[in-house]
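Okay, structure first, notes after.
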Amino acid sequence: MNAPATPADTLRTALAGLVDGLPPRQAAQAVERLIANYRGDTPTDAPILRDRADVVAYAAYRMPATFAAVRSALAAFADAVPDWTPASHMDVGGGTGAATWAVSDTWGGVRPVTVLDWAEPALALGKEIAAAHPALRDTRWQRSRIGAALTVESTDLVTVSYVLNELAPSDRAALVDAAAGAARAVVIVEAGTPDGYARVIEARQRLIAAGFHVAAPCPHSAACPIVPGTDWCHFAARVSRSSLHRQVKGGSLAYEDEKFSYVAAARFPAAPAASRVVRRPQIRKGQVLLDLCETDEQLRRRTVTKRHGDLYKAARDAEWGDPWPPAAER
């Protein structure tokens with residue numbers, strides 16, 4: 001008997017069906033233009049996604065990566081709040097709704113969901129795709145300008161993914177404050193670049209000032225120990241490449257790694273990891289080098305050797321972004 005399809009499987013199938021109806025060259029050109037816009041440093045004053053061709057290309061190209069990054073952030077958050085499940089969810093600037101699929105994949109079940117975005121074509125396509133997943137069929141897709149004037153209704157969970165880069169600094173601050181005022185938990189995801197990390201750190205500070213506790217990725221709610229301008233905190237989620245990905249990027253690999261920075265915080269107490277692996281572990285002969293962010297607000301490199309027994313085996317299996325030590329060894 002086959003296992004039931006996961007939200008990730010259902011999303012992948014729905015996206016594949018969309019691209020089948022779009023000429024490959026047209027899709028590739030739309031993606032290239034969208035990438036140029038999203039990488040720009042100037043906030044936009046109009047929706048980047050203009051029509052159905054744009055939205056289909058965006059959904060096929062970006063939804064799997066956004067889903068993977070948000071899903072990874074939510075997994076870390078869920079580990080820190082194991083007894084909590086959101087009763088409602090609002091996705092601000094959610095576009096075609098990748099984060100709603102990630103939330104459904106993380107906690108399952110059915111809950112009231114609202115997606116806010118100012119691009120009507122994105123909302124329309126998001127609703128069309130969501131029809132494939134029973135838990136999302138009743139999602140409310142609401143056109144709303146994302147900025148200082150935005151009103152966020154009371155909800156358990158607010159997600160904001162790959163949105164802050166599109167806003168002016170004052171609008172970013174207003175959005176984070178609105179989310180903090182409306183939600184019991186907030187998860188913010190940005191591109192895993194120095195600028196993306198800076199936006200996440202700014203949001204993190206505002207959430208803490210609003211009374212939130214950082215649940216992930218940080219093991220504490222104190223100041224980030226990374227010295228600005230010297231490094232940045234980011235992680236990676238592996239994404240299977242579609243034919244459209246390979247056409248646009250000209251790559252031969254069947255996957256790529258989506259780099260992202262994030263913060264997940266809650267108004268209620270959380271149990272963050274004792275430390276977090278913040279770089280790819282380096283496996284050497286008889287030892288593993290782990291770069292960790294630790295509870296005492298320090299970054300340290302720990303060396304785990306064969307003398308550590310089971311902990312050494314766990315270190316060899318550890319991945320970038322994992323909590324340390326693993327639950328079985330705590």
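Following the order of the structure tokens, chains are lettered A, B, ..., residues in each are numbered from 1, and ligands are numbered from 1.
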
Exercise: Arg137 of chain A partners within 12 Å, only C-alpha atoms, chain neighbours under 5 positions left out, as a PyMOL selection string: chain A and resi 97+100-101+104+110-114+126-132

With N, CA and C atoms retained, could you export that selection as a short mmCIF file (atom, residue, chain, number, x, y, z; two decimals), in the first residue's frame?
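Once written, selection-v3.cif looks like this:
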data_model
loop_
_atom_site.label_atom_id
_atom_site.label_comp_id
_atom_site.auth_asym_id
_atom_site.auth_seq_id
_atom_site.Cartn_x
_atom_site.Cartn_y
_atom_site.Cartn_z
N GLY A 97 1.78 31.39 -1.80
CA GLY A 97 1.47 30.59 -0.62
C GLY A 97 2.43 29.49 -0.25
N THR A 100 2.42 28.59 3.42
CA THR A 100 1.24 27.88 3.93
C THR A 100 1.41 26.37 3.75
N TRP A 101 2.03 25.98 2.63
CA TRP A 101 2.31 24.56 2.41
C TRP A 101 3.33 24.06 3.42
N SER A 104 1.63 23.55 6.79
CA SER A 104 0.81 22.34 6.74
C SER A 104 1.67 21.08 6.81
N VAL A 110 -5.97 20.85 9.95
CA VAL A 110 -6.63 21.96 9.27
C VAL A 110 -6.76 23.11 10.25
N ARG A 111 -6.48 24.33 9.77
CA ARG A 111 -6.58 25.53 10.59
C ARG A 111 -6.97 26.70 9.70
N PRO A 112 -7.54 27.75 10.24
CA PRO A 112 -7.79 28.94 9.42
C PRO A 112 -6.47 29.53 8.92
N VAL A 113 -6.40 29.79 7.62
CA VAL A 113 -5.18 30.32 7.00
C VAL A 113 -5.56 31.53 6.15
N THR A 114 -4.76 32.58 6.26
CA THR A 114 -4.94 33.78 5.44
C THR A 114 -3.61 34.13 4.78
N GLY A 126 -2.14 31.15 -6.34
CA GLY A 126 -1.99 30.44 -5.07
C GLY A 126 -3.25 29.69 -4.70
N LYS A 127 -4.40 30.33 -4.91
CA LYS A 127 -5.68 29.67 -4.63
C LYS A 127 -5.87 28.47 -5.54
N GLU A 128 -5.49 28.62 -6.80
CA GLU A 128 -5.62 27.51 -7.76
C GLU A 128 -4.76 26.32 -7.34
N ILE A 129 -3.53 26.59 -6.94
CA ILE A 129 -2.63 25.50 -6.52
C ILE A 129 -3.13 24.86 -5.22
N ALA A 130 -3.60 25.69 -4.28
CA ALA A 130 -4.04 25.19 -2.97
C ALA A 130 -5.21 24.24 -3.08
N ALA A 131 -5.96 24.30 -4.18
CA ALA A 131 -7.09 23.39 -4.35
C ALA A 131 -6.65 21.93 -4.37
N ALA A 132 -5.35 21.70 -4.63
CA ALA A 132 -4.84 20.34 -4.67
C ALA A 132 -4.60 19.76 -3.28
#

Could you give me, as a PyMOL selection string, the residues within 7 Å of Cys233 of chain A, counting only C-alpha atoms and dropping anything in the same chain fewer than 4 positions from it? chain A and resi 197+261+278

The selected residues should be written to file as a PDB file, in the first residue's frame (atoms: C-alpha atoms).
ATOM      1  CA  TYR A 197      20.998  38.400   7.514  1.00  0.00           C
ATOM      2  CA  SER A 261      18.634  33.376   7.107  1.00  0.00           C
ATOM      3  CA  VAL A 278      26.296  27.259  12.003  1.00  0.00           C
TER       4      VAL A 278
END

Rank nothing, just name the residue among A:Ala69, A:Ile208, A:Arg184, A:Ala87 nearest to Gly321 of chain A, using only C-alpha atoms.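 That would be A:Ala69, the residue with the smallest distance to Gly321 of chain A.
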
Which polymer residues have any atom within 10 Å of an atom of Phe268 of chain A, counting only C-alpha atoms, with same-chain residues fewer than 5 positions away left out, as a PyMOL selection string? chain A and resi 81+84+184-185+211-215

Would you put the residues from that selection into a file with all heavy atoms, as a PDB file, in the first residue's frame?
ATOM      1  N   VAL A  81       9.449  24.170  20.424  1.00  0.00           N
ATOM      2  CA  VAL A  81       8.128  24.304  21.064  1.00  0.00           C
ATOM      3  C   VAL A  81       7.336  23.020  20.791  1.00  0.00           C
ATOM      4  O   VAL A  81       6.274  23.046  20.156  1.00  0.00           O
ATOM      5  CB  VAL A  81       7.382  25.554  20.547  1.00  0.00           C
ATOM      6  CG1 VAL A  81       8.062  26.821  21.036  1.00  0.00           C
ATOM      7  CG2 VAL A  81       7.311  25.580  19.020  1.00  0.00           C
ATOM      8  N   TRP A  84       3.446  22.717  21.197  1.00  0.00           N
ATOM      9  CA  TRP A  84       2.614  23.785  20.633  1.00  0.00           C
ATOM     10  C   TRP A  84       2.314  23.514  19.169  1.00  0.00           C
ATOM     11  O   TRP A  84       3.194  23.081  18.407  1.00  0.00           O
ATOM     12  CB  TRP A  84       3.326  25.128  20.756  1.00  0.00           C
ATOM     13  CG  TRP A  84       2.527  26.309  20.275  1.00  0.00           C
ATOM     14  CD1 TRP A  84       1.530  26.939  20.939  1.00  0.00           C
ATOM     15  CD2 TRP A  84       2.673  27.000  19.021  1.00  0.00           C
ATOM     16  NE1 TRP A  84       1.039  27.995  20.189  1.00  0.00           N
ATOM     17  CE2 TRP A  84       1.732  28.056  18.999  1.00  0.00           C
ATOM     18  CE3 TRP A  84       3.512  26.830  17.927  1.00  0.00           C
ATOM     19  CZ2 TRP A  84       1.605  28.929  17.933  1.00  0.00           C
ATOM     20  CZ3 TRP A  84       3.393  27.704  16.847  1.00  0.00           C
ATOM     21  CH2 TRP A  84       2.442  28.741  16.858  1.00  0.00           C
ATOM     22  N   ARG A 184       1.162  35.056  18.290  1.00  0.00           N
ATOM     23  CA  ARG A 184       1.846  34.396  19.403  1.00  0.00           C
ATOM     24  C   ARG A 184       3.218  33.907  18.970  1.00  0.00           C
ATOM     25  O   ARG A 184       4.101  33.705  19.813  1.00  0.00           O
ATOM     26  CB  ARG A 184       1.017  33.209  19.903  1.00  0.00           C
ATOM     27  CG  ARG A 184      -0.339  33.584  20.471  1.00  0.00           C
ATOM     28  CD  ARG A 184      -1.008  32.380  21.107  1.00  0.00           C
ATOM     29  NE  ARG A 184      -0.295  31.941  22.294  1.00  0.00           N
ATOM     30  CZ  ARG A 184      -0.172  30.684  22.701  1.00  0.00           C
ATOM     31  NH1 ARG A 184      -0.727  29.714  21.980  1.00  0.00           N
ATOM     32  NH2 ARG A 184       0.480  30.378  23.790  1.00  0.00           N
ATOM     33  N   ALA A 185       3.402  33.694  17.668  1.00  0.00           N
ATOM     34  CA  ALA A 185       4.690  33.253  17.149  1.00  0.00           C
ATOM     35  C   ALA A 185       4.907  33.895  15.787  1.00  0.00           C
ATOM     36  O   ALA A 185       3.963  34.066  15.012  1.00  0.00           O
ATOM     37  CB  ALA A 185       4.729  31.727  17.031  1.00  0.00           C
ATOM     38  N   GLY A 211       8.848  41.651  23.420  1.00  0.00           N
ATOM     39  CA  GLY A 211       8.580  40.639  24.440  1.00  0.00           C
ATOM     40  C   GLY A 211       8.646  39.203  23.962  1.00  0.00           C
ATOM     41  O   GLY A 211       8.249  38.286  24.692  1.00  0.00           O
ATOM     42  N   PHE A 212       9.160  38.967  22.754  1.00  0.00           N
ATOM     43  CA  PHE A 212       9.258  37.610  22.230  1.00  0.00           C
ATOM     44  C   PHE A 212      10.533  36.920  22.718  1.00  0.00           C
ATOM     45  O   PHE A 212      11.544  37.572  23.002  1.00  0.00           O
ATOM     46  CB  PHE A 212       9.250  37.629  20.698  1.00  0.00           C
ATOM     47  CG  PHE A 212       7.872  37.743  20.090  1.00  0.00           C
ATOM     48  CD1 PHE A 212       7.125  38.897  20.233  1.00  0.00           C
ATOM     49  CD2 PHE A 212       7.317  36.679  19.388  1.00  0.00           C
ATOM     50  CE1 PHE A 212       5.858  39.012  19.688  1.00  0.00           C
ATOM     51  CE2 PHE A 212       6.051  36.773  18.842  1.00  0.00           C
ATOM     52  CZ  PHE A 212       5.315  37.943  18.990  1.00  0.00           C
ATOM     53  N   HIS A 213      10.472  35.592  22.764  1.00  0.00           N
ATOM     54  CA  HIS A 213      11.624  34.756  23.066  1.00  0.00           C
ATOM     55  C   HIS A 213      12.098  34.104  21.767  1.00  0.00           C
ATOM     56  O   HIS A 213      11.285  33.507  21.046  1.00  0.00           O
ATOM     57  CB  HIS A 213      11.262  33.646  24.059  1.00  0.00           C
ATOM     58  CG  HIS A 213      10.575  34.136  25.300  1.00  0.00           C
ATOM     59  ND1 HIS A 213      11.265  34.625  26.375  1.00  0.00           N
ATOM     60  CD2 HIS A 213       9.251  34.223  25.615  1.00  0.00           C
ATOM     61  CE1 HIS A 213      10.400  34.978  27.328  1.00  0.00           C
ATOM     62  NE2 HIS A 213       9.171  34.752  26.873  1.00  0.00           N
ATOM     63  N   VAL A 214      13.385  34.193  21.469  1.00  0.00           N
ATOM     64  CA  VAL A 214      13.913  33.560  20.261  1.00  0.00           C
ATOM     65  C   VAL A 214      13.960  32.053  20.479  1.00  0.00           C
ATOM     66  O   VAL A 214      14.530  31.563  21.457  1.00  0.00           O
ATOM     67  CB  VAL A 214      15.307  34.102  19.903  1.00  0.00           C
ATOM     68  CG1 VAL A 214      15.884  33.357  18.701  1.00  0.00           C
ATOM     69  CG2 VAL A 214      15.226  35.595  19.596  1.00  0.00           C
ATOM     70  N   ALA A 215      13.356  31.316  19.564  1.00  0.00           N
ATOM     71  CA  ALA A 215      13.315  29.858  19.667  1.00  0.00           C
ATOM     72  C   ALA A 215      14.315  29.188  18.729  1.00  0.00           C
ATOM     73  O   ALA A 215      14.801  28.098  19.005  1.00  0.00           O
ATOM     74  CB  ALA A 215      11.905  29.353  19.356  1.00  0.00           C
TER      75      ALA A 215
END

Report as an mmCIF file with all heavy atoms, in the first residue's frame all protein, DNA and RNA residues lying within 10 Å of segment 169-174 of chain A, evaluated on only C-alpha atoms, omitting residues in the same chain fewer than 2 positions from it.
data_model
loop_
_atom_site.group_PDB
_atom_site.id
_atom_site.type_symbol
_atom_site.label_atom_id
_atom_site.label_comp_id
_atom_site.auth_asym_id
_atom_site.auth_seq_id
_atom_site.Cartn_x
_atom_site.Cartn_y
_atom_site.Cartn_z
ATOM 1 N N PRO A 43 13.844 49.029 -2.981
ATOM 2 C CA PRO A 43 12.491 48.510 -2.760
ATOM 3 C C PRO A 43 11.544 48.943 -3.871
ATOM 4 O O PRO A 43 11.675 50.037 -4.418
ATOM 5 C CB PRO A 43 12.088 49.141 -1.416
ATOM 6 C CG PRO A 43 13.388 49.464 -0.745
ATOM 7 C CD PRO A 43 14.332 49.838 -1.862
ATOM 8 N N ILE A 146 1.458 45.599 1.348
ATOM 9 C CA ILE A 146 2.345 45.244 2.458
ATOM 10 C C ILE A 146 3.233 46.440 2.768
ATOM 11 O O ILE A 146 4.091 46.824 1.976
ATOM 12 C CB ILE A 146 3.213 44.011 2.092
ATOM 13 C CG1 ILE A 146 2.330 42.876 1.566
ATOM 14 C CG2 ILE A 146 4.014 43.563 3.305
ATOM 15 C CD1 ILE A 146 1.258 42.411 2.510
ATOM 16 N N GLY A 147 3.021 47.039 3.915
ATOM 17 C CA GLY A 147 3.788 48.223 4.284
ATOM 18 C C GLY A 147 3.326 48.778 5.607
ATOM 19 O O GLY A 147 2.707 48.083 6.423
ATOM 20 N N ALA A 148 3.594 50.050 5.824
ATOM 21 C CA ALA A 148 3.328 50.671 7.119
ATOM 22 C C ALA A 148 1.849 50.680 7.482
ATOM 23 O O ALA A 148 1.489 50.652 8.656
ATOM 24 C CB ALA A 148 3.874 52.098 7.125
ATOM 25 N N ALA A 149 0.988 50.733 6.465
ATOM 26 C CA ALA A 149 -0.451 50.811 6.735
ATOM 27 C C ALA A 149 -1.103 49.444 6.923
ATOM 28 O O ALA A 149 -2.310 49.366 7.162
ATOM 29 C CB ALA A 149 -1.144 51.557 5.591
ATOM 30 N N LEU A 150 -0.321 48.378 6.842
ATOM 31 C CA LEU A 150 -0.889 47.036 6.929
ATOM 32 C C LEU A 150 -1.456 46.748 8.313
ATOM 33 O O LEU A 150 -0.828 47.045 9.330
ATOM 34 C CB LEU A 150 0.184 45.992 6.602
ATOM 35 C CG LEU A 150 -0.244 44.525 6.703
ATOM 36 C CD1 LEU A 150 -1.213 44.188 5.579
ATOM 37 C CD2 LEU A 150 0.971 43.598 6.661
ATOM 38 N N THR A 151 -2.643 46.156 8.345
ATOM 39 C CA THR A 151 -3.241 45.676 9.589
ATOM 40 C C THR A 151 -3.179 44.153 9.600
ATOM 41 O O THR A 151 -3.642 43.502 8.669
ATOM 42 C CB THR A 151 -4.707 46.129 9.700
ATOM 43 O OG1 THR A 151 -4.751 47.564 9.723
ATOM 44 C CG2 THR A 151 -5.341 45.586 10.969
ATOM 45 N N VAL A 163 10.188 38.751 2.007
ATOM 46 C CA VAL A 163 9.354 39.935 1.818
ATOM 47 C C VAL A 163 10.089 41.210 2.224
ATOM 48 O O VAL A 163 9.983 42.241 1.559
ATOM 49 C CB VAL A 163 8.048 39.811 2.639
ATOM 50 C CG1 VAL A 163 7.236 41.100 2.579
ATOM 51 C CG2 VAL A 163 7.208 38.644 2.146
ATOM 52 N N LEU A 164 10.856 41.166 3.304
ATOM 53 C CA LEU A 164 11.471 42.377 3.848
ATOM 54 C C LEU A 164 12.381 43.063 2.843
ATOM 55 O O LEU A 164 12.515 44.295 2.852
ATOM 56 C CB LEU A 164 12.251 42.047 5.126
ATOM 57 C CG LEU A 164 11.442 41.453 6.290
ATOM 58 C CD1 LEU A 164 12.325 41.258 7.508
ATOM 59 C CD2 LEU A 164 10.241 42.331 6.629
ATOM 60 N N ASN A 165 13.014 42.288 1.944
ATOM 61 C CA ASN A 165 13.904 42.895 0.959
ATOM 62 C C ASN A 165 13.164 43.787 -0.028
ATOM 63 O O ASN A 165 13.774 44.643 -0.688
ATOM 64 C CB ASN A 165 14.660 41.812 0.190
ATOM 65 C CG ASN A 165 13.740 40.970 -0.674
ATOM 66 O OD1 ASN A 165 12.788 40.368 -0.171
ATOM 67 N ND2 ASN A 165 14.002 40.905 -1.969
ATOM 68 N N GLU A 166 11.851 43.610 -0.141
ATOM 69 C CA GLU A 166 11.054 44.404 -1.082
ATOM 70 C C GLU A 166 10.569 45.713 -0.468
ATOM 71 O O GLU A 166 9.948 46.514 -1.175
ATOM 72 C CB GLU A 166 9.843 43.591 -1.552
ATOM 73 C CG GLU A 166 10.179 42.297 -2.271
ATOM 74 C CD GLU A 166 8.924 41.544 -2.673
ATOM 75 O OE1 GLU A 166 7.911 42.199 -2.982
ATOM 76 O OE2 GLU A 166 8.954 40.304 -2.665
ATOM 77 N N LEU A 167 10.849 45.924 0.816
ATOM 78 C CA LEU A 167 10.267 47.066 1.526
ATOM 79 C C LEU A 167 11.318 48.093 1.921
ATOM 80 O O LEU A 167 12.489 47.763 2.147
ATOM 81 C CB LEU A 167 9.554 46.578 2.794
ATOM 82 C CG LEU A 167 8.468 45.511 2.612
ATOM 83 C CD1 LEU A 167 7.929 45.101 3.978
ATOM 84 C CD2 LEU A 167 7.350 46.009 1.708
ATOM 85 N N VAL A 176 7.143 44.198 10.896
ATOM 86 C CA VAL A 176 7.566 43.331 12.005
ATOM 87 C C VAL A 176 6.788 43.684 13.271
ATOM 88 O O VAL A 176 6.330 42.801 14.006
ATOM 89 C CB VAL A 176 9.080 43.440 12.241
ATOM 90 C CG1 VAL A 176 9.490 42.651 13.488
ATOM 91 C CG2 VAL A 176 9.847 42.921 11.024
ATOM 92 N N ASP A 177 6.619 44.980 13.521
ATOM 93 C CA ASP A 177 5.873 45.404 14.712
ATOM 94 C C ASP A 177 4.416 44.955 14.632
ATOM 95 O O ASP A 177 3.830 44.534 15.639
ATOM 96 C CB ASP A 177 5.948 46.919 14.867
ATOM 97 C CG ASP A 177 7.335 47.408 15.257
ATOM 98 O OD1 ASP A 177 8.165 46.565 15.646
ATOM 99 O OD2 ASP A 177 7.591 48.622 15.144
ATOM 100 N N ALA A 178 3.828 45.042 13.445
ATOM 101 C CA ALA A 178 2.438 44.605 13.283
ATOM 102 C C ALA A 178 2.310 43.102 13.511
ATOM 103 O O ALA A 178 1.357 42.637 14.155
ATOM 104 C CB ALA A 178 1.935 44.976 11.891
ATOM 105 N N ALA A 179 3.257 42.343 12.979
ATOM 106 C CA ALA A 179 3.240 40.891 13.184
ATOM 107 C C ALA A 179 3.388 40.558 14.668
ATOM 108 O O ALA A 179 2.680 39.698 15.208
ATOM 109 C CB ALA A 179 4.358 40.240 12.369
ATOM 110 N N ALA A 180 4.309 41.261 15.337
ATOM 111 C CA ALA A 180 4.535 41.009 16.761
ATOM 112 C C ALA A 180 3.298 41.340 17.584
ATOM 113 O O ALA A 180 2.994 40.664 18.576
ATOM 114 C CB ALA A 180 5.726 41.827 17.247
ATOM 115 N N ARG A 199 18.756 42.107 7.646
ATOM 116 C CA ARG A 199 17.308 42.342 7.803
ATOM 117 C C ARG A 199 16.726 41.425 8.877
ATOM 118 O O ARG A 199 15.856 41.841 9.660
ATOM 119 C CB ARG A 199 16.598 42.131 6.467
ATOM 120 C CG ARG A 199 16.897 43.210 5.429
ATOM 121 C CD ARG A 199 16.035 43.051 4.199
ATOM 122 N NE ARG A 199 16.391 41.893 3.392
ATOM 123 C CZ ARG A 199 17.266 41.908 2.393
ATOM 124 N NH1 ARG A 199 17.894 43.030 2.068
ATOM 125 N NH2 ARG A 199 17.518 40.816 1.694
ATOM 126 N N GLU A 202 17.735 42.745 12.333
ATOM 127 C CA GLU A 202 16.915 43.902 12.673
ATOM 128 C C GLU A 202 15.532 43.453 13.153
ATOM 129 O O GLU A 202 15.015 43.951 14.167
ATOM 130 C CB GLU A 202 16.774 44.814 11.461
ATOM 131 C CG GLU A 202 15.889 46.026 11.689
ATOM 132 C CD GLU A 202 15.635 46.804 10.406
ATOM 133 O OE1 GLU A 202 16.296 46.541 9.388
ATOM 134 O OE2 GLU A 202 14.751 47.684 10.441
ATOM 135 N N ALA A 203 14.930 42.499 12.439
ATOM 136 C CA ALA A 203 13.624 41.976 12.838
ATOM 137 C C ALA A 203 13.717 41.260 14.179
ATOM 138 O O ALA A 203 12.824 41.395 15.037
ATOM 139 C CB ALA A 203 13.097 41.027 11.763
ATOM 140 N N ARG A 206 13.649 43.673 17.012
ATOM 141 C CA ARG A 206 12.326 44.250 17.221
ATOM 142 C C ARG A 206 11.404 43.249 17.910
ATOM 143 O O ARG A 206 10.580 43.620 18.764
ATOM 144 C CB ARG A 206 11.722 44.723 15.902
ATOM 145 C CG ARG A 206 12.518 45.793 15.190
ATOM 146 C CD ARG A 206 11.746 46.445 14.068
ATOM 147 N NE ARG A 206 10.783 47.408 14.598
ATOM 148 C CZ ARG A 206 11.074 48.691 14.878
ATOM 149 N NH1 ARG A 206 12.294 49.147 14.667
ATOM 150 N NH2 ARG A 206 10.144 49.491 15.348
#

Got a sec to tell me which of segment 98-214 of chain A DSSP assigns to strand (DSSP E), as JSON, numbers by chain? {"A": [113, 114, 115, 116, 117, 140, 141, 142, 143, 155, 156, 157, 158, 159, 160, 161, 183, 184, 185, 186, 187, 188, 189, 190, 191, 213, 214]}

If you run DSSP over the backbone, which residues in segment 97-210 of chain A end up alpha helix (DSSP H)? Put them as a PyMOL selection string. chain A and resi 98-107+120-130+169-182+194-209

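Using only C-alpha atoms, the shortest contact distance between Arg52 of chain A and any of A:Asp317, A:Arg12, A:Ser72, A:Leu125 is found at A:Leu125.
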
Can you tell me which residues surround Ala98 of chain A at a distance of at most 10 Å, considering only C-alpha atoms, apart from same-chain residues fewer than 3 positions away, and format the answer as a PyMOL selection string? chain A and resi 8+11+59+62-71+91+94-95+101-103+126+130+161

Hey, what's within 6 Å of Arg143 of chain A if we count only C-alpha atoms and toss same-chain stuff fewer than 3 positions away? As a PyMOL selection string, please? chain A and resi 116-118

Using only C-alpha atoms, which of the listed residues (A:Pro281, A:Pro225, A:Pro134, A:Pro86) sits closest to Val186 of chain A?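 Among the listed residues, the smallest separation from Val186 of chain A belongs to A:Pro86.
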
Neighbouring residues of Asp296 of chain A were defined as those with any atom within 12 Å, considering only C-alpha atoms; residues of the same chain fewer than 2 positions away were excluded. Please report them as a list in words. Cys218, Pro219, His220, Ser221, Ala222, Ala223, Cys224, Pro225, Ala274, Ser275, Leu292, Cys293, Glu294, Gln298, Leu299 and Arg300 of chain A

Sorted per-residue table, segment 255-308 of chain A near segment 235-239 of chain A, closest atoms and distance, 12 Å, only C-alpha atoms, as JSON lines:
{"residue": "A:Tyr255", "atom": "CA", "partner": "A:Val239", "partner_atom": "CA", "distance": 5.4}
{"residue": "A:Glu256", "atom": "CA", "partner": "A:Val239", "partner_atom": "CA", "distance": 5.4}
{"residue": "A:Asp257", "atom": "CA", "partner": "A:Arg238", "partner_atom": "CA", "distance": 4.5}
{"residue": "A:Glu258", "atom": "CA", "partner": "A:Ala237", "partner_atom": "CA", "distance": 5.1}
{"residue": "A:Lys259", "atom": "CA", "partner": "A:Ala236", "partner_atom": "CA", "distance": 4.4}
{"residue": "A:Phe260", "atom": "CA", "partner": "A:Phe235", "partner_atom": "CA", "distance": 5.4}
{"residue": "A:Ser261", "atom": "CA", "partner": "A:Phe235", "partner_atom": "CA", "distance": 6.2}
{"residue": "A:Tyr262", "atom": "CA", "partner": "A:Phe235", "partner_atom": "CA", "distance": 8.5}
{"residue": "A:Val263", "atom": "CA", "partner": "A:Phe235", "partner_atom": "CA", "distance": 11.5}
{"residue": "A:Arg276", "atom": "CA", "partner": "A:Phe235", "partner_atom": "CA", "distance": 10.8}
{"residue": "A:Val277", "atom": "CA", "partner": "A:Phe235", "partner_atom": "CA", "distance": 9.4}
{"residue": "A:Val278", "atom": "CA", "partner": "A:Phe235", "partner_atom": "CA", "distance": 7.2}
{"residue": "A:Arg279", "atom": "CA", "partner": "A:Phe235", "partner_atom": "CA", "distance": 7.7}
{"residue": "A:Arg280", "atom": "CA", "partner": "A:Phe235", "partner_atom": "CA", "distance": 9.1}

For the residues selected in the previous step, produce a file with N, CA and C atoms as a compact mmCIF listing (two decimals), in the first residue's frame.
# COMPACT_ATOMS: atom_id res chain seq x y z
N TYR A 255 19.95 18.95 -8.11
CA TYR A 255 19.54 19.69 -6.93
C TYR A 255 20.35 20.99 -6.82
N GLU A 256 19.90 21.85 -5.93
CA GLU A 256 20.67 23.02 -5.55
C GLU A 256 20.38 23.32 -4.09
N ASP A 257 21.22 24.11 -3.46
CA ASP A 257 21.04 24.45 -2.06
C ASP A 257 20.54 25.88 -1.95
N GLU A 258 19.37 26.03 -1.35
CA GLU A 258 18.79 27.34 -1.12
C GLU A 258 19.35 27.90 0.19
N LYS A 259 20.09 29.01 0.09
CA LYS A 259 20.68 29.64 1.27
C LYS A 259 19.67 30.63 1.86
N PHE A 260 19.52 30.60 3.17
CA PHE A 260 18.53 31.48 3.81
C PHE A 260 18.97 31.83 5.24
N SER A 261 18.49 32.97 5.71
CA SER A 261 18.63 33.38 7.11
C SER A 261 17.23 33.46 7.70
N TYR A 262 17.12 33.24 9.00
CA TYR A 262 15.78 33.26 9.59
C TYR A 262 15.82 33.53 11.08
N VAL A 263 14.68 33.91 11.61
CA VAL A 263 14.46 33.97 13.04
C VAL A 263 13.06 33.45 13.31
N ARG A 276 23.85 25.50 18.17
CA ARG A 276 23.42 25.28 16.79
C ARG A 276 24.64 25.19 15.89
N VAL A 277 24.65 24.21 15.00
CA VAL A 277 25.73 24.07 14.02
C VAL A 277 25.54 25.16 12.96
N VAL A 278 26.48 26.10 12.87
CA VAL A 278 26.30 27.26 12.00
C VAL A 278 27.17 27.22 10.74
N ARG A 279 27.90 26.15 10.54
CA ARG A 279 28.65 25.94 9.30
C ARG A 279 28.64 24.45 8.99
N ARG A 280 28.96 24.11 7.75
CA ARG A 280 29.02 22.69 7.41
C ARG A 280 30.09 22.01 8.27

Select, from A:Leu136, A:Thr305, A:Gly286, A:Pro228, the residue with the minimum atom-to-atom distance to Ile201 of chain A, counting only C-alpha atoms.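 Of the candidates, the smallest distance to Ile201 of chain A is held by A:Pro228.
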
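From atom CA of Ala183 of chain A back to atom CA of Asp138 of chain A, the distance works out to 20.6 Å.
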